[in-house]
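What's in coords.cif: mmCIF, C-alpha atoms and all ligand atoms
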data_start
#
loop_
_atom_site.label_atom_id
_atom_site.label_comp_id
_atom_site.auth_asym_id
_atom_site.auth_seq_id
_atom_site.Cartn_x
_atom_site.Cartn_y
_atom_site.Cartn_z
CA MET A 1 -14.83 30.29 17.34
CA ALA A 2 -14.84 26.75 18.72
CA MET A 3 -17.06 24.35 16.79
CA SER A 4 -19.89 23.00 18.88
CA CYS A 5 -19.63 19.26 19.17
CA ASP A 6 -22.66 17.00 19.44
CA HIS A 7 -20.53 13.87 19.48
CA PRO A 8 -17.53 14.43 21.75
CA ASP A 9 -16.97 10.65 21.97
CA LEU A 10 -16.38 10.17 18.26
CA LEU A 11 -12.87 9.27 17.17
CA PRO A 12 -11.40 11.51 14.44
CA LEU A 13 -10.84 9.64 11.18
CA ASP A 14 -7.05 9.99 11.08
CA GLU A 15 -6.76 8.69 14.66
CA ALA A 16 -8.96 5.71 13.81
CA LEU A 17 -6.76 4.89 10.79
CA GLN A 18 -3.65 5.13 12.97
CA ARG A 19 -5.19 2.98 15.68
CA LEU A 20 -6.02 0.26 13.16
CA TRP A 21 -2.46 0.42 11.78
CA GLU A 22 -0.91 0.04 15.21
CA ALA A 23 -3.17 -2.82 16.27
CA LEU A 24 -2.11 -5.01 13.37
CA PRO A 25 1.18 -6.92 13.14
CA ALA A 26 3.50 -6.18 10.24
CA PRO A 27 5.30 -9.30 8.99
CA ALA A 28 8.64 -9.32 10.83
CA LEU A 29 11.93 -10.90 9.80
CA ALA A 30 14.54 -12.99 11.57
CA GLU A 31 18.02 -11.41 11.64
CA VAL A 32 19.59 -11.12 8.18
CA ARG A 33 23.41 -11.20 7.81
CA ALA A 34 25.42 -10.84 4.62
CA GLU A 35 26.09 -14.25 3.14
CA ARG A 36 29.20 -12.92 1.33
CA ASP A 37 30.80 -9.62 0.42
CA ASP A 38 28.41 -7.40 -1.54
CA PRO A 39 29.51 -7.24 -4.30
CA ALA A 40 31.51 -10.44 -4.01
CA THR A 41 34.14 -9.22 -6.53
CA ASP A 42 35.10 -5.90 -8.10
CA ARG A 43 32.54 -5.36 -10.88
CA ALA A 44 31.95 -3.08 -13.83
CA ALA A 45 29.37 -0.36 -13.17
CA MET A 46 29.22 0.66 -16.86
CA ASP A 47 29.55 -0.90 -20.30
CA GLY A 48 33.06 -0.11 -21.60
CA VAL A 49 36.55 -1.52 -21.27
CA ALA A 50 38.50 -2.72 -18.25
CA LEU A 51 42.10 -1.47 -18.26
CA ARG A 52 45.02 -0.26 -16.15
CA ALA A 53 44.63 3.40 -15.20
CA ALA A 54 48.43 3.88 -15.10
CA ASP A 55 48.63 3.62 -18.91
CA GLY A 56 46.73 6.92 -19.17
CA VAL A 57 45.26 7.73 -22.58
CA ALA A 58 47.64 5.44 -24.54
CA PRO A 59 45.99 3.03 -27.03
CA ARG A 60 45.14 -0.49 -25.77
CA ARG A 61 44.94 -3.77 -27.63
CA LEU A 62 41.64 -5.57 -26.92
CA LEU A 63 41.98 -9.12 -25.57
CA GLY A 64 38.28 -10.08 -25.70
CA THR A 65 34.92 -9.44 -24.00
CA LEU A 66 33.54 -10.18 -20.52
CA PHE A 67 29.77 -10.33 -20.00
CA ALA A 68 27.98 -10.37 -16.65
CA GLY A 69 28.34 -13.90 -15.30
CA ASP A 70 31.59 -14.67 -17.19
CA ASP A 71 34.59 -15.94 -15.21
CA PRO A 72 37.10 -13.06 -15.34
CA ALA A 73 40.11 -15.44 -15.07
CA ALA A 74 39.84 -15.89 -18.86
CA PHE A 75 41.94 -12.71 -19.32
CA THR A 76 44.83 -10.95 -17.61
CA VAL A 77 45.10 -7.25 -18.38
CA LEU A 78 48.78 -6.34 -18.87
CA PRO A 79 50.14 -2.86 -19.75
CA GLY A 80 48.90 -1.83 -23.18
CA THR A 81 45.90 -4.17 -23.16
CA ALA A 82 42.21 -3.96 -22.23
CA VAL A 83 39.12 -6.15 -22.11
CA ARG A 84 35.70 -5.11 -23.37
CA ILE A 85 33.36 -5.41 -20.38
CA MET A 86 29.59 -5.16 -19.75
CA THR A 87 27.86 -3.82 -16.64
CA GLY A 88 27.88 -6.39 -13.86
CA ALA A 89 30.84 -8.42 -15.19
CA ALA A 90 33.67 -9.14 -12.76
CA LEU A 91 36.89 -7.16 -13.31
CA PRO A 92 39.64 -9.27 -14.89
CA PRO A 93 42.98 -9.62 -13.05
CA GLY A 94 45.28 -6.67 -13.72
CA ALA A 95 42.51 -4.17 -14.53
CA ASP A 96 41.78 -1.39 -12.03
CA ALA A 97 39.41 0.94 -13.90
CA ILE A 98 36.55 0.97 -16.38
CA VAL A 99 36.38 3.49 -19.19
CA PRO A 100 32.78 3.74 -20.45
CA VAL A 101 31.93 3.32 -24.14
CA GLU A 102 31.10 7.04 -24.31
CA GLN A 103 34.76 7.92 -23.50
CA LEU A 104 36.49 5.61 -26.00
CA VAL A 105 37.66 6.06 -29.58
CA ALA A 106 38.57 3.14 -31.84
CA GLY A 107 41.86 3.37 -33.75
CA ALA A 108 44.16 1.12 -35.80
CA ASP A 109 45.98 0.03 -32.60
CA GLY A 110 42.83 -0.85 -30.66
CA ILE A 111 40.88 1.53 -28.44
CA GLN A 112 41.94 4.76 -26.77
CA PRO A 113 40.40 6.61 -23.80
CA THR A 114 39.45 10.23 -24.49
CA VAL A 115 39.67 11.03 -20.75
CA ARG A 116 42.55 10.03 -18.46
CA PRO A 117 41.24 7.15 -16.26
CA GLU A 118 41.69 7.02 -12.49
CA VAL A 119 42.04 3.85 -10.42
CA GLY A 120 38.54 2.68 -9.39
CA ASP A 121 36.63 4.62 -12.09
CA HIS A 122 33.19 3.00 -12.65
CA VAL A 123 34.17 -0.02 -10.55
CA ARG A 124 31.80 -1.38 -7.89
CA ARG A 125 34.33 -2.38 -5.27
CA ARG A 126 34.15 -5.77 -3.58
CA GLY A 127 32.37 -5.34 -0.24
CA ALA A 128 31.42 -1.69 -0.93
CA GLN A 129 27.80 -2.39 0.11
CA ALA A 130 28.43 -4.96 2.87
CA ARG A 131 31.09 -7.31 4.19
CA SER A 132 30.43 -11.01 4.67
CA GLY A 133 28.73 -11.51 8.07
CA ASP A 134 27.60 -7.87 8.44
CA LEU A 135 24.20 -7.39 10.09
CA LEU A 136 21.95 -6.21 7.27
CA LEU A 137 18.56 -6.24 9.05
CA PRO A 138 18.06 -6.79 12.78
CA ALA A 139 15.50 -9.38 13.91
CA GLY A 140 11.96 -7.99 13.96
CA THR A 141 12.40 -5.61 11.03
CA PRO A 142 9.06 -5.38 9.23
CA LEU A 143 9.06 -6.93 5.78
CA ASN A 144 8.60 -4.70 2.77
CA VAL A 145 9.19 -5.07 -0.94
CA ALA A 146 12.72 -3.60 -0.83
CA ARG A 147 13.67 -6.02 1.96
CA GLU A 148 12.29 -8.94 -0.02
CA ALA A 149 14.79 -8.07 -2.75
CA LEU A 150 17.60 -8.12 -0.16
CA LEU A 151 16.43 -11.50 1.17
CA ALA A 152 16.49 -12.90 -2.35
CA GLN A 153 20.01 -11.53 -2.91
CA GLU A 154 21.25 -13.16 0.29
CA GLY A 155 19.78 -16.51 -0.68
CA ARG A 156 17.19 -16.44 2.09
CA PRO A 157 13.68 -17.80 1.58
CA VAL A 158 11.30 -15.00 0.66
CA PRO A 159 8.05 -15.29 2.66
CA SER A 160 5.18 -16.37 0.47
CA LEU A 161 3.45 -13.53 -1.31
CA ARG A 162 0.07 -15.21 -1.05
CA ARG A 163 -2.79 -12.78 -1.51
CA LEU A 164 -4.53 -12.02 1.77
CA ARG A 165 -7.94 -13.60 1.98
CA VAL A 166 -10.70 -11.16 2.82
CA GLY A 167 -14.15 -12.48 3.73
CA VAL A 168 -17.17 -10.34 2.88
CA ALA A 169 -20.44 -10.84 4.75
CA SER A 170 -23.37 -8.44 4.59
CA THR A 171 -25.92 -8.47 7.39
CA GLY A 172 -29.63 -7.72 7.26
CA ASP A 173 -32.95 -9.56 6.99
CA GLU A 174 -33.97 -7.13 4.23
CA LEU A 175 -31.30 -8.43 1.79
CA VAL A 176 -32.72 -10.80 -0.82
CA PRO A 177 -31.85 -11.49 -4.47
CA ASP A 178 -35.34 -10.76 -5.77
CA PRO A 179 -36.68 -7.96 -3.57
CA ALA A 180 -40.29 -6.95 -2.93
CA ALA A 181 -40.82 -3.20 -2.40
CA HIS A 182 -39.99 -3.52 1.30
CA GLN A 183 -36.75 -5.41 0.61
CA ILE A 184 -33.45 -4.62 -1.16
CA ARG A 185 -30.62 -6.41 -2.93
CA ASP A 186 -27.22 -6.78 -1.28
CA SER A 187 -25.09 -4.12 -3.01
CA ASN A 188 -22.44 -3.91 -0.29
CA GLY A 189 -21.29 -7.52 -0.66
CA PRO A 190 -20.32 -7.33 -4.35
CA MET A 191 -18.92 -3.80 -3.85
CA LEU A 192 -16.65 -4.91 -0.99
CA ALA A 193 -15.50 -8.01 -2.85
CA ALA A 194 -14.63 -5.85 -5.88
CA LEU A 195 -12.73 -3.39 -3.72
CA ALA A 196 -10.78 -6.16 -1.96
CA ARG A 197 -9.84 -7.61 -5.35
CA ALA A 198 -8.84 -4.20 -6.71
CA LEU A 199 -6.52 -3.81 -3.71
CA GLY A 200 -4.78 -7.11 -4.47
CA ALA A 201 -6.53 -9.29 -1.89
CA GLU A 202 -8.51 -12.47 -2.55
CA PRO A 203 -12.16 -11.85 -1.68
CA LEU A 204 -14.53 -14.55 -0.45
CA LEU A 205 -18.08 -13.33 -0.81
CA GLN A 206 -20.30 -15.12 1.68
CA ALA A 207 -24.09 -15.32 1.88
CA ALA A 208 -25.72 -12.41 3.71
CA LEU A 209 -26.20 -13.01 7.43
CA PRO A 210 -29.54 -12.58 9.20
CA ASP A 211 -30.09 -10.05 11.99
CA ASP A 212 -29.82 -12.81 14.55
CA PRO A 213 -27.16 -12.77 17.31
CA PRO A 214 -26.57 -16.56 17.42
CA ALA A 215 -26.21 -16.67 13.62
CA LEU A 216 -23.81 -13.70 13.71
CA ALA A 217 -21.79 -15.29 16.53
CA ALA A 218 -21.55 -18.58 14.65
CA ALA A 219 -20.32 -16.81 11.49
CA LEU A 220 -17.74 -14.84 13.48
CA GLN A 221 -16.47 -17.94 15.28
CA GLN A 222 -16.03 -19.95 12.10
CA PRO A 223 -14.78 -17.41 9.61
CA GLY A 224 -12.85 -19.99 7.56
CA ASP A 225 -9.42 -19.30 6.15
CA ILE A 226 -9.56 -15.51 6.07
CA ARG A 227 -7.42 -12.77 7.63
CA ILE A 228 -9.93 -9.92 7.42
CA LEU A 229 -13.72 -10.05 7.60
CA LEU A 230 -15.63 -7.14 6.07
CA THR A 231 -19.14 -7.00 7.41
CA SER A 232 -21.69 -4.35 6.55
CA GLY A 233 -24.71 -3.28 8.52
CA GLY A 234 -25.73 -4.01 12.06
CA VAL A 235 -23.29 -1.63 13.77
CA SER A 236 -25.55 1.38 14.25
CA MET A 237 -28.08 2.27 16.96
CA GLY A 238 -31.09 0.29 15.66
CA GLU A 239 -32.72 -2.52 17.60
CA HIS A 240 -31.35 -5.04 15.12
CA ASP A 241 -27.78 -3.70 15.21
CA HIS A 242 -26.36 -6.67 17.10
CA LEU A 243 -22.80 -6.83 15.85
CA PRO A 244 -21.04 -4.72 18.54
CA ARG A 245 -22.62 -6.74 21.36
CA VAL A 246 -22.00 -10.08 19.68
CA LEU A 247 -18.33 -9.18 19.17
CA ALA A 248 -18.00 -8.01 22.76
CA ASP A 249 -19.63 -11.20 24.06
CA LEU A 250 -17.16 -13.27 22.04
CA GLY A 251 -14.30 -11.44 23.79
CA ALA A 252 -13.23 -9.40 20.75
CA ARG A 253 -10.94 -6.43 21.29
CA ILE A 254 -12.88 -3.44 19.99
CA LEU A 255 -10.34 -1.06 18.42
CA PHE A 256 -12.94 1.63 17.89
CA HIS A 257 -16.66 2.04 17.31
CA ARG A 258 -18.11 5.27 15.91
CA ILE A 259 -15.87 7.76 14.17
CA ARG A 260 -16.07 11.46 13.38
CA LEU A 261 -17.04 11.16 9.73
CA LYS A 262 -20.12 11.68 7.57
CA PRO A 263 -21.17 9.34 6.11
CA GLY A 264 -19.97 6.40 8.17
CA LYS A 265 -20.22 7.32 11.84
CA PRO A 266 -21.05 3.76 13.08
CA MET A 267 -17.75 2.32 11.72
CA LEU A 268 -16.35 -0.43 13.95
CA ALA A 269 -13.04 -2.29 13.98
CA ALA A 270 -12.30 -5.27 16.22
CA LEU A 271 -9.82 -8.09 16.64
CA LEU A 272 -11.28 -11.51 17.33
CA GLY A 273 -8.12 -13.47 17.98
CA ASP A 274 -6.10 -12.88 14.81
CA LEU A 275 -9.16 -12.08 12.73
CA LEU A 276 -9.62 -8.40 11.90
CA VAL A 277 -13.30 -7.52 11.66
CA LEU A 278 -14.05 -4.26 9.85
CA GLY A 279 -17.67 -3.64 10.77
CA LEU A 280 -18.76 -1.24 8.04
CA PRO A 281 -22.02 0.70 8.27
CA GLY A 282 -24.89 -0.69 6.22
CA ASN A 283 -25.73 2.35 4.14
CA PRO A 284 -24.04 1.74 0.81
CA VAL A 285 -22.17 5.06 0.53
CA SER A 286 -21.05 4.79 4.17
CA ALA A 287 -19.82 1.25 3.62
CA TYR A 288 -18.00 2.34 0.44
CA VAL A 289 -16.31 5.35 2.04
CA ASN A 290 -15.13 3.46 5.09
CA ALA A 291 -13.92 0.46 3.13
CA LEU A 292 -12.00 2.80 0.83
CA LEU A 293 -10.32 4.37 3.85
CA PHE A 294 -9.75 1.43 6.21
CA LEU A 295 -9.14 -1.62 4.04
CA PRO A 296 -5.98 -0.24 2.33
CA VAL A 297 -4.50 0.57 5.75
CA ALA A 298 -5.15 -2.97 7.06
CA LEU A 299 -3.80 -4.64 3.90
CA ALA A 300 -0.70 -2.45 3.77
CA ARG A 301 0.12 -3.19 7.39
CA LEU A 302 -0.41 -6.94 7.11
CA GLU A 303 1.59 -7.09 3.88
CA GLY A 304 4.48 -5.03 5.25
CA ARG A 305 3.98 -1.93 3.13
CA ALA A 306 4.08 1.73 4.15
CA PHE A 307 1.06 3.54 5.60
CA PRO A 308 -1.01 4.45 2.55
CA ASP A 309 -1.88 8.07 1.83
CA PRO A 310 -4.71 8.05 -0.72
CA TRP A 311 -5.46 11.78 -0.40
CA ARG A 312 -5.11 14.25 -3.24
CA ARG A 313 -5.67 17.98 -3.12
CA ALA A 314 -7.79 20.32 -5.23
CA ARG A 315 -10.01 23.40 -5.07
CA LEU A 316 -13.79 23.48 -4.78
CA VAL A 317 -15.46 25.44 -7.58
CA ALA A 318 -18.63 26.02 -5.56
CA PRO A 319 -19.26 26.68 -1.87
CA MET A 320 -20.32 23.68 0.21
CA LYS A 321 -22.74 24.20 3.06
CA HIS A 322 -22.31 21.73 5.89
CA LYS A 323 -23.99 22.33 9.23
CA GLY A 324 -22.93 19.08 10.94
CA ASP A 325 -20.08 18.68 13.40
CA ARG A 326 -18.47 15.76 11.54
CA PRO A 327 -16.26 16.26 8.45
CA LEU A 328 -18.15 15.30 5.32
CA LEU A 329 -16.90 13.26 2.38
CA HIS A 330 -19.01 14.60 -0.46
CA PRO A 331 -19.29 13.21 -4.02
CA CYS A 332 -17.89 15.52 -6.71
CA ARG A 333 -17.05 15.55 -10.40
CA LEU A 334 -13.45 16.40 -11.13
CA VAL A 335 -13.21 18.78 -14.10
CA ASP A 336 -9.87 20.32 -15.10
CA GLY A 337 -8.45 19.37 -11.71
CA GLN A 338 -11.21 21.14 -9.77
CA LEU A 339 -13.95 19.70 -7.58
CA HIS A 340 -17.56 20.25 -8.66
CA PRO A 341 -19.87 19.12 -5.82
CA LEU A 342 -22.79 16.93 -6.93
CA PRO A 343 -26.26 17.36 -5.40
CA GLY A 344 -25.91 14.15 -3.37
CA LYS A 345 -28.84 12.73 -1.47
CA GLY A 346 -26.89 11.13 1.34
CA SER A 347 -25.51 7.86 2.53
CA ALA A 348 -27.89 5.58 0.61
CA ASP A 349 -27.44 7.37 -2.74
CA LEU A 350 -25.49 4.98 -4.97
CA VAL A 351 -26.80 6.79 -8.07
CA THR A 352 -24.84 9.95 -7.25
CA LEU A 353 -21.79 7.96 -6.10
CA ALA A 354 -21.77 6.14 -9.43
CA HIS A 355 -21.52 9.53 -11.22
CA ALA A 356 -18.77 10.88 -8.96
CA ASP A 357 -15.01 10.96 -9.59
CA ALA A 358 -14.03 12.20 -6.18
CA LEU A 359 -15.06 12.36 -2.54
CA ALA A 360 -14.14 15.79 -1.23
CA TRP A 361 -13.39 16.50 2.42
CA ILE A 362 -15.71 19.24 3.70
CA GLU A 363 -14.92 20.69 7.11
CA PRO A 364 -17.71 21.09 9.68
CA GLY A 365 -19.29 24.50 9.08
CA GLY A 366 -18.85 24.26 5.31
CA MET A 367 -16.25 25.58 2.88
CA GLU A 368 -16.02 28.54 0.49
CA ALA A 369 -15.73 28.34 -3.29
CA GLY A 370 -12.02 28.27 -4.17
CA ALA A 371 -11.02 26.59 -0.90
CA LYS A 372 -8.40 23.89 -1.28
CA THR A 373 -9.28 20.55 0.29
CA ARG A 374 -8.25 16.92 0.31
CA TRP A 375 -10.15 14.34 -1.76
CA LEU A 376 -10.23 10.64 -2.51
CA PRO A 377 -10.57 9.16 -5.99
CA VAL A 378 -13.76 7.13 -6.45
CA VAL A 379 -12.74 3.68 -7.67
P1 LIG B 1 -28.03 -0.98 9.20
O1 LIG B 1 -26.81 -0.25 9.68
O2 LIG B 1 -27.86 -2.45 9.21
O3 LIG B 1 -29.25 -0.52 9.89
O4 LIG B 1 -28.21 -0.57 7.67
C1 LIG B 1 -28.35 0.78 7.33
C2 LIG B 1 -29.03 0.91 5.97
O5 LIG B 1 -28.22 0.27 5.00
C3 LIG B 1 -30.36 0.23 5.89
O6 LIG B 1 -31.20 1.02 5.10
C4 LIG B 1 -30.07 -1.08 5.23
O7 LIG B 1 -31.17 -1.61 4.56
C5 LIG B 1 -28.97 -0.69 4.28
N1 LIG B 1 -28.10 -1.83 4.00
C6 LIG B 1 -27.57 -2.65 4.93
N2 LIG B 1 -26.84 -3.62 4.36
C7 LIG B 1 -26.89 -3.40 3.03
C8 LIG B 1 -26.35 -4.08 1.90
N3 LIG B 1 -25.57 -5.14 2.05
N4 LIG B 1 -26.60 -3.58 0.67
C9 LIG B 1 -27.37 -2.50 0.53
N5 LIG B 1 -27.92 -1.81 1.55
C10 LIG B 1 -27.71 -2.26 2.80
MG MG B 2 -29.18 -3.96 9.22
#

Take the structure in this file and express it as structure tokens.
Ligand code: AMP
Ligand code: MG
Amino acid sequence: MAMSCDHPDLLPLDEALQRLWEALPAPALAEVRAERDDPATDRAAMDGVALRAADGVAPRRLLGTLFAGDDPAAFTVLPGTAVRIMTGAALPPGADAIVPVEQLVAGADGIQPTVRPEVGDHVRRRGAQARSGDLLLPAGTPLNVAREALLAQEGRPVPSLRRLRVGVASTGDELVPDPAAHQIRDSNGPMLAALARALGAEPLLQAALPDDPPALAAALQQPGDIRILLTSGGVSMGEHDHLPRVLADLGARILFHRIRLKPGKPMLAALLGDLLVLGLPGNPVSAYVNALLFLPVALARLEGRAFPDPWRRARLVAPMKHKGDRPLLHPCRLVDGQLHPLPGKGSADLVTLAHADALAWIEPGGMEAGAKTRWLPVV
């Protein structure tokens, strides 16, 4: 039976995550060519002795030891001789094989292989990985951690690994430090700053913004030295939810607004020049859930890492009713690897969230006890 859909315009969560990923630039590299042969000489791949394979299992007299970084010209391996060698050391002239420590016996006449060596045994051949001048990475290749290691090996400058700066600005006239009964404290700001820090970014927690379009526009136009701005509130359907219009008036490119998720439907993402604005919903659990989903994707993309997959899988121990047409992320306790739904009171309920280990994905229509589903760890 087809699920009835009250919100046909809402973007499914996984499409929204993908859209954000594709809208952001990954750091790209200029062409990288091999500076020299890799390896630049024949090298030992094991700790052992360097010798001539043709002498078979006959005893060898030891001439000395070569460590990684030693100049191998100190020794010449002639028939009947060998040089002790450590992993990474260059092969001395005359040697054509390494016999590892595990295959050697010591005798009165020196050392003796227990296994007949073959030419090239345990040798990393000069140029086996690349030849000098080979194209290693074409221009435009996105940077990742593995490629940073290759850049370092080739003597190329490694782009700075500065932490990305993430601004955090809550919105709402009701947010005050010392609230009367009709006011509240700003819980989203500290929560978002903590999340950004936990994800390796450098958060900059700003003062909460008023529900005033000129003030919002001014803050968006002068964000300071930040790459991502996390706002919360002001993206829903209320008369004070000005952020979408203010962003549109400033010429921002709206990536999406409103997604198929409960809680967190009003979620907005926009690019204002190079600045990524993640307009999180104001309700604290909605802001938490969406930040947990979208911020890692943005950071991974901008830092040149792979698309993150935070989902784990487990079974529900109890049935979950869910009448809505949006998938639900519901707080649960995780006991013995199984999801125990908590009696949550919705998108403003930080008390339940603070007792949860997991947010379980509940399909529209609900799920049976024993059903396997995906879940996110609560951080
Ligand atoms: P809004 O989307 O701005 O209408 O906010 C939705 C709900 O979240 C309202 O009840 C707000 O008072 C609440 N809210 C908004 N911002 C915050 C915040 N920074 N901390 C805690 N609650 C907030
Ligand atoms: Mg508000």

Task: Non-local contacts of Gly234 in chain A (12 Å; all atoms listed in the file; under 4 positions in same chain excluded) as a PyMOL selection string - done: chain A and resi 169-174+208-213+216+238-247+266-268+278-283+287

Task: Polymer residues at most 12 Å from Val289 in chain A, all atoms listed in the file, same-chain spacing of 6 or more positions, as number ranges by chain - done: A: 13, 188, 191-192, 195, 232, 261-265, 267, 280-283, 295-296, 328-331, 347-348, 350, 353, 358-361, 375-379

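Take CA of Glu363 in chain A and CA of Asp336 in chain A: the distance between them is 22.8 Å.
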
TODO: Between A:Ala314, A:Leu271, A:Ile111, A:Met237, single out the one closest to ligand MG 2 (chain B), counting all atoms listed in the file.
DONE: A:Met237

If the box runs along x, y and z of the file and leaves 5 Å on each side of range 135-144 of chain A, what are its centre and edge lengths in Å, one decimal, as lines of an AutoDock Vina configuration file?
center_x = 16.4
center_y = -7.0
center_z = 8.4
size_x = 25.6
size_y = 14.7
size_z = 21.2

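Here CA of Leu63 in chain A stands at a distance of 21.8 Å from CA of Arg124 in chain A.
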
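Between Leu302 in chain A and the residues A:Pro27, A:Pro8, A:Gly140, A:Pro343, the shortest atom-to-atom distance, using all atoms listed in the file, involves A:Pro27.
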
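One distance worth recording is that between CA of Asp96 in chain A and CA of Ala50 in chain A, which is 7.2 Å.
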
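When the distance limit is 10 Å and only C-alpha atoms are what count, the residues near Met367 in chain A, minus those fewer than 2 positions from it on the same chain, are Leu316, Ala318, Pro319, Met320, Lys321, His322, Trp361, Ile362, Glu363, Pro364, Gly365, Ala369, Gly370, Ala371, Lys372 and Thr373 of chain A.
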
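Nearest-residue note for Glu31 in chain A: choosing from A:Leu143, A:Val57, A:Val123, A:Ala217, the minimum distance belongs to A:Leu143, counting all atoms listed in the file.
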
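Closest to ligand LIG 1 (chain B) among A:Gly344, A:Pro223, A:Pro190, A:Pro214 is A:Pro190, based on only C-alpha atoms and all ligand atoms.
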
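Of the residues listed (A:Ser236, A:Thr65, A:Gln338, A:Ser286), A:Ser236 shows the shortest atom-to-atom separation from ligand LIG 1 (chain B); distances use all atoms listed in the file.
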
Task: Pick from A:Arg315, A:Thr41, A:Ala108, A:Tyr288 nearest to Leu334 in chain A, counting all atoms listed in the file - done: A:Arg315

TODO: Identify, on the basis of all atoms listed in the file, every residue whose closest approach to Ala193 in chain A does not exceed 12 Å; exclude the query and any residue fewer than 4 positions from it along the same chain; express the result as a VMD selection string.
DONE: chain A and resid 165 to 170 186 to 189 197 to 206 228 to 232 288 291 to 292 295

- [ ] Kindly provide, as a PyMOL selection string, the polymer residues lying within 8 Å of (30.9, -4.6, -5.1), counting all atoms listed in the file and using the coordinates exactly as they appear in the file.
- [x] chain A and resi 37-43+123-129

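Residue neighbourhood of Leu137 in chain A, excluding near-sequence residues (fewer than 2 positions): Leu29, Ala30, Glu31, Val32, Arg33, Ala34, Asp134, Leu135, Ala139, Gly140, Thr141, Pro142, Arg147, Leu150 and Leu151 of chain A, at 10 Å, using all atoms listed in the file.
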
Okay, now the selection with C-alpha atoms, as a PDB file, in the frame of the given file?
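The new file selection.pdb reads:
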ATOM      1  CA  LEU A  29      11.930 -10.900   9.800  1.00  0.00           C
ATOM      2  CA  ALA A  30      14.540 -12.990  11.570  1.00  0.00           C
ATOM      3  CA  GLU A  31      18.020 -11.410  11.640  1.00  0.00           C
ATOM      4  CA  VAL A  32      19.590 -11.120   8.180  1.00  0.00           C
ATOM      5  CA  ARG A  33      23.410 -11.200   7.810  1.00  0.00           C
ATOM      6  CA  ALA A  34      25.420 -10.840   4.620  1.00  0.00           C
ATOM      7  CA  ASP A 134      27.600  -7.870   8.440  1.00  0.00           C
ATOM      8  CA  LEU A 135      24.200  -7.390  10.090  1.00  0.00           C
ATOM      9  CA  ALA A 139      15.500  -9.380  13.910  1.00  0.00           C
ATOM     10  CA  GLY A 140      11.960  -7.990  13.960  1.00  0.00           C
ATOM     11  CA  THR A 141      12.400  -5.610  11.030  1.00  0.00           C
ATOM     12  CA  PRO A 142       9.060  -5.380   9.230  1.00  0.00           C
ATOM     13  CA  ARG A 147      13.670  -6.020   1.960  1.00  0.00           C
ATOM     14  CA  LEU A 150      17.600  -8.120  -0.160  1.00  0.00           C
ATOM     15  CA  LEU A 151      16.430 -11.500   1.170  1.00  0.00           C
TER      16      LEU A 151
END

Every residue with an atom at most 7 Å from (29.5, -8.9, -23.1) (file coordinates; all atoms listed in the file) is what I'm after, so could you write them as a compact mmCIF listing (two decimals) with C-alpha atoms, in the frame of the given file?
# COMPACT_ATOMS: atom_id res chain seq x y z
CA THR A 65 34.92 -9.44 -24.00
CA LEU A 66 33.54 -10.18 -20.52
CA PHE A 67 29.77 -10.33 -20.00
CA ALA A 68 27.98 -10.37 -16.65
CA ILE A 85 33.36 -5.41 -20.38
CA MET A 86 29.59 -5.16 -19.75
